[in-house]
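The file protein.cif contains mmCIF, N, CA and C atoms:
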data_target
#
loop_
_atom_site.group_PDB
_atom_site.id
_atom_site.type_symbol
_atom_site.label_atom_id
_atom_site.label_comp_id
_atom_site.auth_asym_id
_atom_site.auth_seq_id
_atom_site.Cartn_x
_atom_site.Cartn_y
_atom_site.Cartn_z
ATOM 1 N N MET M 1 218.482 -103.084 9.219
ATOM 2 C CA MET M 1 217.400 -102.913 8.292
ATOM 3 C C MET M 1 217.978 -102.740 6.898
ATOM 4 N N SER M 2 217.434 -103.453 5.934
ATOM 5 C CA SER M 2 217.985 -103.360 4.598
ATOM 6 C C SER M 2 216.993 -102.800 3.594
ATOM 7 N N ASP M 3 215.765 -102.570 3.988
ATOM 8 C CA ASP M 3 214.753 -102.063 3.071
ATOM 9 C C ASP M 3 214.653 -100.543 3.150
ATOM 10 N N TRP M 4 214.249 -99.974 2.035
ATOM 11 C CA TRP M 4 213.947 -98.552 1.982
ATOM 12 C C TRP M 4 212.552 -98.343 2.534
ATOM 13 N N VAL M 5 212.358 -97.282 3.302
ATOM 14 C CA VAL M 5 211.067 -96.970 3.913
ATOM 15 C C VAL M 5 210.495 -95.726 3.252
ATOM 16 N N GLU M 6 209.248 -95.838 2.787
ATOM 17 C CA GLU M 6 208.584 -94.687 2.180
ATOM 18 C C GLU M 6 208.268 -93.658 3.253
ATOM 19 N N VAL M 7 208.590 -92.394 2.966
ATOM 20 C CA VAL M 7 208.404 -91.321 3.938
ATOM 21 C C VAL M 7 207.223 -90.433 3.583
ATOM 22 N N ILE M 8 207.257 -89.879 2.373
ATOM 23 C CA ILE M 8 206.284 -88.854 1.995
ATOM 24 C C ILE M 8 206.343 -88.670 0.484
ATOM 25 N N ALA M 9 205.298 -88.110 -0.088
ATOM 26 C CA ALA M 9 205.321 -87.743 -1.500
ATOM 27 C C ALA M 9 206.302 -86.588 -1.693
ATOM 28 N N VAL M 10 206.937 -86.539 -2.842
ATOM 29 C CA VAL M 10 207.915 -85.494 -3.140
ATOM 30 C C VAL M 10 207.318 -84.103 -2.930
ATOM 31 N N ASP M 11 206.064 -83.935 -3.300
ATOM 32 C CA ASP M 11 205.436 -82.620 -3.137
ATOM 33 C C ASP M 11 204.752 -82.456 -1.780
ATOM 34 N N GLY M 12 205.000 -83.373 -0.861
ATOM 35 C CA GLY M 12 204.402 -83.301 0.474
ATOM 36 C C GLY M 12 205.092 -82.332 1.415
ATOM 37 N N LEU M 13 206.277 -81.888 1.051
ATOM 38 C CA LEU M 13 207.019 -80.897 1.843
ATOM 39 C C LEU M 13 207.411 -79.735 0.949
ATOM 40 N N ALA M 14 207.340 -78.536 1.491
ATOM 41 C CA ALA M 14 207.865 -77.356 0.800
ATOM 42 C C ALA M 14 209.347 -77.226 1.134
ATOM 43 N N ASN M 15 210.098 -76.502 0.317
ATOM 44 C CA ASN M 15 211.504 -76.263 0.629
ATOM 45 C C ASN M 15 211.625 -75.614 2.006
ATOM 46 N N GLY M 16 212.545 -76.123 2.822
ATOM 47 C CA GLY M 16 212.750 -75.617 4.174
ATOM 48 C C GLY M 16 211.917 -76.330 5.221
ATOM 49 N N GLU M 17 211.023 -77.226 4.809
ATOM 50 C CA GLU M 17 210.203 -77.979 5.770
ATOM 51 C C GLU M 17 210.814 -79.349 6.035
ATOM 52 N N ASN M 18 210.336 -79.970 7.104
ATOM 53 C CA ASN M 18 210.778 -81.321 7.432
ATOM 54 C C ASN M 18 209.632 -82.116 8.020
ATOM 55 N N THR M 19 209.844 -83.410 8.085
ATOM 56 C CA THR M 19 208.935 -84.316 8.765
ATOM 57 C C THR M 19 209.788 -85.298 9.547
ATOM 58 N N VAL M 20 209.235 -85.839 10.606
ATOM 59 C CA VAL M 20 209.970 -86.804 11.420
ATOM 60 C C VAL M 20 209.270 -88.142 11.308
ATOM 61 N N ILE M 21 210.064 -89.176 11.053
ATOM 62 C CA ILE M 21 209.549 -90.541 10.991
ATOM 63 C C ILE M 21 210.329 -91.383 11.985
ATOM 64 N N GLU M 22 209.834 -92.561 12.248
ATOM 65 C CA GLU M 22 210.560 -93.491 13.105
ATOM 66 C C GLU M 22 210.780 -94.779 12.334
ATOM 67 N N ILE M 23 212.037 -95.223 12.312
ATOM 68 C CA ILE M 23 212.394 -96.483 11.682
ATOM 69 C C ILE M 23 213.097 -97.327 12.726
ATOM 70 N N GLU M 24 212.476 -98.443 13.081
ATOM 71 C CA GLU M 24 213.041 -99.379 14.060
ATOM 72 C C GLU M 24 213.544 -98.658 15.310
ATOM 73 N N GLY M 25 212.725 -97.760 15.835
ATOM 74 C CA GLY M 25 213.045 -97.077 17.082
ATOM 75 C C GLY M 25 213.947 -95.862 16.953
ATOM 76 N N THR M 26 214.330 -95.507 15.742
ATOM 77 C CA THR M 26 215.185 -94.343 15.525
ATOM 78 C C THR M 26 214.363 -93.216 14.908
ATOM 79 N N ALA M 27 214.330 -92.058 15.557
ATOM 80 C CA ALA M 27 213.638 -90.889 15.013
ATOM 81 C C ALA M 27 214.534 -90.252 13.963
ATOM 82 N N ILE M 28 213.974 -90.050 12.760
ATOM 83 C CA ILE M 28 214.733 -89.504 11.640
ATOM 84 C C ILE M 28 213.989 -88.290 11.090
ATOM 85 N N ALA M 29 214.695 -87.169 10.994
ATOM 86 C CA ALA M 29 214.129 -85.944 10.424
ATOM 87 C C ALA M 29 214.509 -85.895 8.953
ATOM 88 N N VAL M 30 213.496 -85.762 8.107
ATOM 89 C CA VAL M 30 213.699 -85.688 6.661
ATOM 90 C C VAL M 30 213.406 -84.257 6.223
ATOM 91 N N PHE M 31 214.383 -83.622 5.599
ATOM 92 C CA PHE M 31 214.304 -82.224 5.196
ATOM 93 C C PHE M 31 214.254 -82.095 3.684
ATOM 94 N N LYS M 32 213.529 -81.088 3.214
ATOM 95 C CA LYS M 32 213.560 -80.719 1.800
ATOM 96 C C LYS M 32 214.237 -79.364 1.703
ATOM 97 N N LEU M 33 215.378 -79.344 1.022
ATOM 98 C CA LEU M 33 216.143 -78.115 0.811
ATOM 99 C C LEU M 33 216.488 -78.009 -0.660
ATOM 100 N N ASP M 34 216.135 -76.922 -1.289
ATOM 101 C CA ASP M 34 216.426 -76.708 -2.711
ATOM 102 C C ASP M 34 215.976 -77.897 -3.562
ATOM 103 N N ASP M 35 214.786 -78.411 -3.261
ATOM 104 C CA ASP M 35 214.178 -79.532 -3.985
ATOM 105 C C ASP M 35 214.939 -80.848 -3.862
ATOM 106 N N ASN M 36 215.832 -80.951 -2.889
ATOM 107 C CA ASN M 36 216.522 -82.200 -2.579
ATOM 108 C C ASN M 36 216.133 -82.631 -1.173
ATOM 109 N N PHE M 37 216.266 -83.913 -0.889
ATOM 110 C CA PHE M 37 215.868 -84.454 0.409
ATOM 111 C C PHE M 37 217.082 -84.987 1.159
ATOM 112 N N TYR M 38 217.103 -84.711 2.466
ATOM 113 C CA TYR M 38 218.194 -85.124 3.341
ATOM 114 C C TYR M 38 217.588 -85.683 4.620
ATOM 115 N N ALA M 39 218.250 -86.669 5.205
ATOM 116 C CA ALA M 39 217.732 -87.294 6.420
ATOM 117 C C ALA M 39 218.832 -87.377 7.468
ATOM 118 N N ILE M 40 218.519 -86.910 8.678
ATOM 119 C CA ILE M 40 219.443 -86.973 9.803
ATOM 120 C C ILE M 40 218.702 -87.516 11.017
ATOM 121 N N GLU M 41 219.454 -88.103 11.934
ATOM 122 C CA GLU M 41 218.824 -88.556 13.168
ATOM 123 C C GLU M 41 218.304 -87.340 13.920
ATOM 124 N N ASP M 42 217.114 -87.461 14.457
ATOM 125 C CA ASP M 42 216.461 -86.317 15.123
ATOM 126 C C ASP M 42 216.941 -86.198 16.571
ATOM 127 N N VAL M 43 218.261 -86.031 16.724
ATOM 128 C CA VAL M 43 218.865 -85.910 18.050
ATOM 129 C C VAL M 43 220.049 -84.954 17.973
ATOM 130 N N CYS M 44 220.021 -83.906 18.777
ATOM 131 C CA CYS M 44 221.172 -83.007 18.872
ATOM 132 C C CYS M 44 222.279 -83.752 19.604
ATOM 133 N N THR M 45 223.467 -83.790 19.016
ATOM 134 C CA THR M 45 224.574 -84.524 19.645
ATOM 135 C C THR M 45 225.133 -83.802 20.865
ATOM 136 N N HIS M 46 224.708 -82.574 21.099
ATOM 137 C CA HIS M 46 225.160 -81.850 22.280
ATOM 138 C C HIS M 46 224.464 -82.336 23.540
ATOM 139 N N ASP M 47 223.121 -82.436 23.504
ATOM 140 C CA ASP M 47 222.432 -82.819 24.747
ATOM 141 C C ASP M 47 221.323 -83.844 24.559
ATOM 142 N N GLY M 48 221.176 -84.394 23.350
ATOM 143 C CA GLY M 48 220.211 -85.462 23.148
ATOM 144 C C GLY M 48 218.781 -85.023 22.891
ATOM 145 N N THR M 49 218.532 -83.732 22.822
ATOM 146 C CA THR M 49 217.184 -83.251 22.546
ATOM 147 C C THR M 49 216.873 -83.402 21.054
ATOM 148 N N GLU M 50 215.601 -83.358 20.702
ATOM 149 C CA GLU M 50 215.241 -83.446 19.276
ATOM 150 C C GLU M 50 215.736 -82.191 18.568
ATOM 151 N N ILE M 51 215.971 -82.322 17.264
ATOM 152 C CA ILE M 51 216.537 -81.202 16.511
ATOM 153 C C ILE M 51 215.580 -80.656 15.450
ATOM 154 N N ALA M 52 214.596 -81.440 15.031
ATOM 155 C CA ALA M 52 213.744 -81.071 13.890
ATOM 156 C C ALA M 52 212.963 -79.781 14.096
ATOM 157 N N SER M 53 212.704 -79.401 15.331
ATOM 158 C CA SER M 53 211.954 -78.163 15.573
ATOM 159 C C SER M 53 212.842 -76.926 15.529
ATOM 160 N N GLY M 54 214.133 -77.119 15.303
ATOM 161 C CA GLY M 54 215.051 -75.992 15.222
ATOM 162 C C GLY M 54 214.824 -75.161 13.976
ATOM 163 N N ARG M 55 215.453 -74.007 13.933
ATOM 164 C CA ARG M 55 215.321 -73.078 12.812
ATOM 165 C C ARG M 55 216.302 -73.477 11.702
ATOM 166 N N ILE M 56 215.843 -73.364 10.455
ATOM 167 C CA ILE M 56 216.684 -73.639 9.291
ATOM 168 C C ILE M 56 217.222 -72.313 8.755
ATOM 169 N N GLU M 57 218.526 -72.266 8.524
ATOM 170 C CA GLU M 57 219.175 -71.136 7.849
ATOM 171 C C GLU M 57 220.057 -71.722 6.758
ATOM 172 N N GLY M 58 219.669 -71.530 5.520
ATOM 173 C CA GLY M 58 220.415 -72.129 4.408
ATOM 174 C C GLY M 58 220.335 -73.638 4.509
ATOM 175 N N ASP M 59 221.494 -74.291 4.616
ATOM 176 C CA ASP M 59 221.503 -75.745 4.769
ATOM 177 C C ASP M 59 221.835 -76.172 6.206
ATOM 178 N N GLU M 60 221.655 -75.247 7.156
ATOM 179 C CA GLU M 60 221.946 -75.551 8.560
ATOM 180 C C GLU M 60 220.668 -75.596 9.394
ATOM 181 N N ILE M 61 220.672 -76.512 10.369
ATOM 182 C CA ILE M 61 219.617 -76.571 11.382
ATOM 183 C C ILE M 61 220.231 -76.060 12.678
ATOM 184 N N ILE M 62 219.500 -75.198 13.368
ATOM 185 C CA ILE M 62 219.983 -74.611 14.617
ATOM 186 C C ILE M 62 219.154 -75.192 15.751
ATOM 187 N N CYS M 63 219.794 -75.852 16.676
ATOM 188 C CA CYS M 63 219.100 -76.464 17.801
ATOM 189 C C CYS M 63 218.410 -75.376 18.624
ATOM 190 N N SER M 64 217.136 -75.599 18.887
ATOM 191 C CA SER M 64 216.367 -74.591 19.623
ATOM 192 C C SER M 64 216.746 -74.533 21.097
ATOM 193 N N ARG M 65 217.449 -75.508 21.588
ATOM 194 C CA ARG M 65 217.785 -75.529 23.012
ATOM 195 C C ARG M 65 219.043 -74.720 23.343
ATOM 196 N N HIS M 66 220.156 -74.993 22.679
ATOM 197 C CA HIS M 66 221.406 -74.300 23.010
ATOM 198 C C HIS M 66 222.097 -73.647 21.819
ATOM 199 N N GLY M 67 221.492 -73.723 20.626
ATOM 200 C CA GLY M 67 222.035 -73.011 19.479
ATOM 201 C C GLY M 67 223.100 -73.728 18.678
ATOM 202 N N ALA M 68 223.362 -74.997 18.960
ATOM 203 C CA ALA M 68 224.325 -75.734 18.133
ATOM 204 C C ALA M 68 223.816 -75.758 16.700
ATOM 205 N N ARG M 69 224.744 -75.700 15.756
ATOM 206 C CA ARG M 69 224.387 -75.694 14.334
ATOM 207 C C ARG M 69 224.974 -76.927 13.657
ATOM 208 N N PHE M 70 224.162 -77.501 12.749
ATOM 209 C CA PHE M 70 224.579 -78.681 12.001
ATOM 210 C C PHE M 70 224.209 -78.496 10.536
ATOM 211 N N CYS M 71 225.021 -79.048 9.642
ATOM 212 C CA CYS M 71 224.689 -79.070 8.231
ATOM 213 C C CYS M 71 223.683 -80.202 8.000
ATOM 214 N N VAL M 72 222.526 -79.876 7.472
ATOM 215 C CA VAL M 72 221.496 -80.885 7.213
ATOM 216 C C VAL M 72 221.963 -81.861 6.138
ATOM 217 N N LYS M 73 222.773 -81.406 5.196
ATOM 218 C CA LYS M 73 223.219 -82.251 4.086
ATOM 219 C C LYS M 73 224.256 -83.285 4.497
ATOM 220 N N THR M 74 225.119 -82.928 5.453
ATOM 221 C CA THR M 74 226.234 -83.818 5.817
ATOM 222 C C THR M 74 226.223 -84.268 7.276
ATOM 223 N N GLY M 75 225.460 -83.581 8.115
ATOM 224 C CA GLY M 75 225.445 -83.889 9.543
ATOM 225 C C GLY M 75 226.583 -83.243 10.311
ATOM 226 N N GLN M 76 227.489 -82.565 9.606
ATOM 227 C CA GLN M 76 228.659 -81.970 10.259
ATOM 228 C C GLN M 76 228.276 -80.824 11.184
ATOM 229 N N VAL M 77 229.019 -80.710 12.279
ATOM 230 C CA VAL M 77 228.836 -79.623 13.236
ATOM 231 C C VAL M 77 229.341 -78.334 12.608
ATOM 232 N N LYS M 78 228.545 -77.276 12.741
ATOM 233 C CA LYS M 78 228.934 -75.971 12.230
ATOM 234 C C LYS M 78 229.282 -74.995 13.346
ATOM 235 N N SER M 79 228.777 -75.250 14.578
ATOM 236 C CA SER M 79 229.157 -74.407 15.705
ATOM 237 C C SER M 79 228.852 -75.102 17.025
ATOM 238 N N ALA M 80 229.639 -74.713 18.027
ATOM 239 C CA ALA M 80 229.453 -75.224 19.391
ATOM 240 C C ALA M 80 228.096 -74.759 19.915
ATOM 241 N N PRO M 81 227.579 -75.391 20.933
ATOM 242 C CA PRO M 81 228.256 -76.264 21.873
ATOM 243 C C PRO M 81 228.367 -77.726 21.449
ATOM 244 N N ALA M 82 227.915 -78.114 20.273
ATOM 245 C CA ALA M 82 228.079 -79.498 19.813
ATOM 246 C C ALA M 82 229.452 -79.675 19.192
ATOM 247 N N TYR M 83 229.994 -80.870 19.314
ATOM 248 C CA TYR M 83 231.287 -81.191 18.708
ATOM 249 C C TYR M 83 231.247 -82.490 17.916
ATOM 250 N N GLU M 84 230.159 -83.247 18.034
ATOM 251 C CA GLU M 84 230.023 -84.527 17.349
ATOM 252 C C GLU M 84 229.001 -84.394 16.217
ATOM 253 N N ALA M 85 229.351 -84.902 15.040
ATOM 254 C CA ALA M 85 228.462 -84.841 13.880
ATOM 255 C C ALA M 85 227.192 -85.657 14.121
ATOM 256 N N MET M 86 226.161 -85.316 13.373
ATOM 257 C CA MET M 86 224.895 -86.035 13.437
ATOM 258 C C MET M 86 224.934 -87.210 12.464
ATOM 259 N N ARG M 87 224.173 -88.223 12.759
ATOM 260 C CA ARG M 87 224.063 -89.400 11.904
ATOM 261 C C ARG M 87 223.155 -89.075 10.709
ATOM 262 N N CYS M 88 223.620 -89.384 9.501
ATOM 263 C CA CYS M 88 222.854 -89.140 8.280
ATOM 264 C C CYS M 88 222.385 -90.469 7.691
ATOM 265 N N PHE M 89 221.325 -90.402 6.897
ATOM 266 C CA PHE M 89 220.745 -91.584 6.273
ATOM 267 C C PHE M 89 220.564 -91.337 4.787
ATOM 268 N N PRO M 90 220.753 -92.369 3.956
ATOM 269 C CA PRO M 90 220.543 -92.212 2.518
ATOM 270 C C PRO M 90 219.070 -91.952 2.207
ATOM 271 N N THR M 91 218.829 -91.140 1.181
ATOM 272 C CA THR M 91 217.475 -90.896 0.689
ATOM 273 C C THR M 91 217.460 -91.179 -0.807
ATOM 274 N N ARG M 92 216.281 -91.482 -1.311
ATOM 275 C CA ARG M 92 216.116 -91.633 -2.753
ATOM 276 C C ARG M 92 214.687 -91.261 -3.116
ATOM 277 N N ILE M 93 214.483 -90.941 -4.378
ATOM 278 C CA ILE M 93 213.152 -90.645 -4.877
ATOM 279 C C ILE M 93 212.809 -91.700 -5.923
ATOM 280 N N ASP M 94 211.601 -92.239 -5.807
ATOM 281 C CA ASP M 94 211.131 -93.236 -6.756
ATOM 282 C C ASP M 94 209.623 -93.064 -6.924
ATOM 283 N N ALA M 95 209.191 -92.922 -8.155
ATOM 284 C CA ALA M 95 207.762 -92.794 -8.476
ATOM 285 C C ALA M 95 207.086 -91.673 -7.682
ATOM 286 N N GLY M 96 207.809 -90.543 -7.520
ATOM 287 C CA GLY M 96 207.227 -89.388 -6.850
ATOM 288 C C GLY M 96 207.169 -89.488 -5.341
ATOM 289 N N LYS M 97 207.853 -90.462 -4.770
ATOM 290 C CA LYS M 97 207.864 -90.642 -3.314
ATOM 291 C C LYS M 97 209.302 -90.602 -2.801
ATOM 292 N N VAL M 98 209.449 -90.132 -1.556
ATOM 293 C CA VAL M 98 210.759 -90.055 -0.907
ATOM 294 C C VAL M 98 210.910 -91.278 -0.013
ATOM 295 N N PHE M 99 212.083 -91.910 -0.094
ATOM 296 C CA PHE M 99 212.381 -93.080 0.715
ATOM 297 C C PHE M 99 213.659 -92.828 1.514
ATOM 298 N N VAL M 100 213.738 -93.421 2.697
ATOM 299 C CA VAL M 100 214.918 -93.340 3.563
ATOM 300 C C VAL M 100 215.341 -94.760 3.905
ATOM 301 N N LYS M 101 216.649 -94.945 4.033
ATOM 302 C CA LYS M 101 217.197 -96.251 4.407
ATOM 303 C C LYS M 101 218.049 -96.083 5.649
ATOM 304 N N GLU M 102 217.751 -96.867 6.671
ATOM 305 C CA GLU M 102 218.595 -96.846 7.863
ATOM 306 C C GLU M 102 219.732 -97.808 7.639
ATOM 307 N N ASP M 103 220.960 -97.297 7.714
ATOM 308 C CA ASP M 103 222.144 -98.151 7.519
ATOM 309 C C ASP M 103 222.438 -98.958 8.750
#

Rewrite the structure of this file - the entire thing - as structure tokens.
Amino acid sequence: MSDWVEVIAVDGLANGENTVIEIEGTAIAVFKLDDNFYAIEDVCTHDGTEIASGRIEGDEIICSRHGARFCVKTGQVKSAPAYEAMRCFPTRIDAGKVFVKED
């Protein structure tokens, strides 16, 4: 996919909130943190469960199933039981809307 996909209006999410979209069969969680937007695949790399319903602490998402922690900004693992980073997607803002691109 080479096109940017419109997700939501910039003011459609409060800081610390997220929304999940699907692009070509891939579930992507889009987060607003400190007025910036980040997008990660909505899959915990530990056991394949969705991650968007997890608790946010700072810039980390905590998987509600087993407690693995990931950096929302980079996808990097912050604590076990996960050891593999999450897939991240580019985001951009244009005309007050948030867009995501699947690489």

Problem set entry | Matched chain/residue IDs from the PyMOL selection byres (((chain M and resi 11-23 and name CA) around 12) and name CA), as a ChimeraX atom specification | /M:1-10,24-43,50-61,72,89,93,95-103

Exercise. What is the CA of Pro81 (chain M)-atom C of Cys44 (chain M) distance in Å, reported with one decimal?
Worked result: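 Separation of CA of Pro81 (chain M) and atom C of Cys44 (chain M): 9.8 Å.
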
Problem set entry | Distance in Å - atom N of Ile62 (chain M) versus atom N of Arg92 (chain M) | 22.2 Å

Exercise. Could you pull out all residues of chain M with a DSSP call of strand (DSSP E or B) and give them as number ranges by chain?
Worked result: M: 5-9, 18-23, 26-33, 36-41, 55-57, 60-62, 69-71, 77-79, 88-89, 91-94, 97-100

Exercise. What is the distance, in Å and to one decimal place, between CA of Asp47 (chain M) and CA of Lys73 (chain M)?
Worked result: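 Distance between the two atoms: 20.7 Å.
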
Exercise. Can you list, as JSON, numbers by chain, every protein, DNA or RNA residue that comes within 7 Å of Gly75 (chain M) when you count only C-alpha atoms, leaving out same-chain residues fewer than 5 positions away?
Worked result: {"M": [40, 70, 85, 86, 87, 88]}

Where is the centre and how long are the edges: axis-aligned box on region 51-58 of chain M, 8 Å on each side, Å to one decimal, as lines of an AutoDock Vina configuration file:
center_x = 216.2
center_y = -76.7
center_z = 10.8
size_x = 24.5
size_y = 27.2
size_z = 28.9

Exercise. Of the residues M:Val77, M:Thr49, M:Tyr83, M:Pro90, which is the one nearest to Arg65 (chain M), using only N, CA and C atoms?
Worked result: M:Thr49
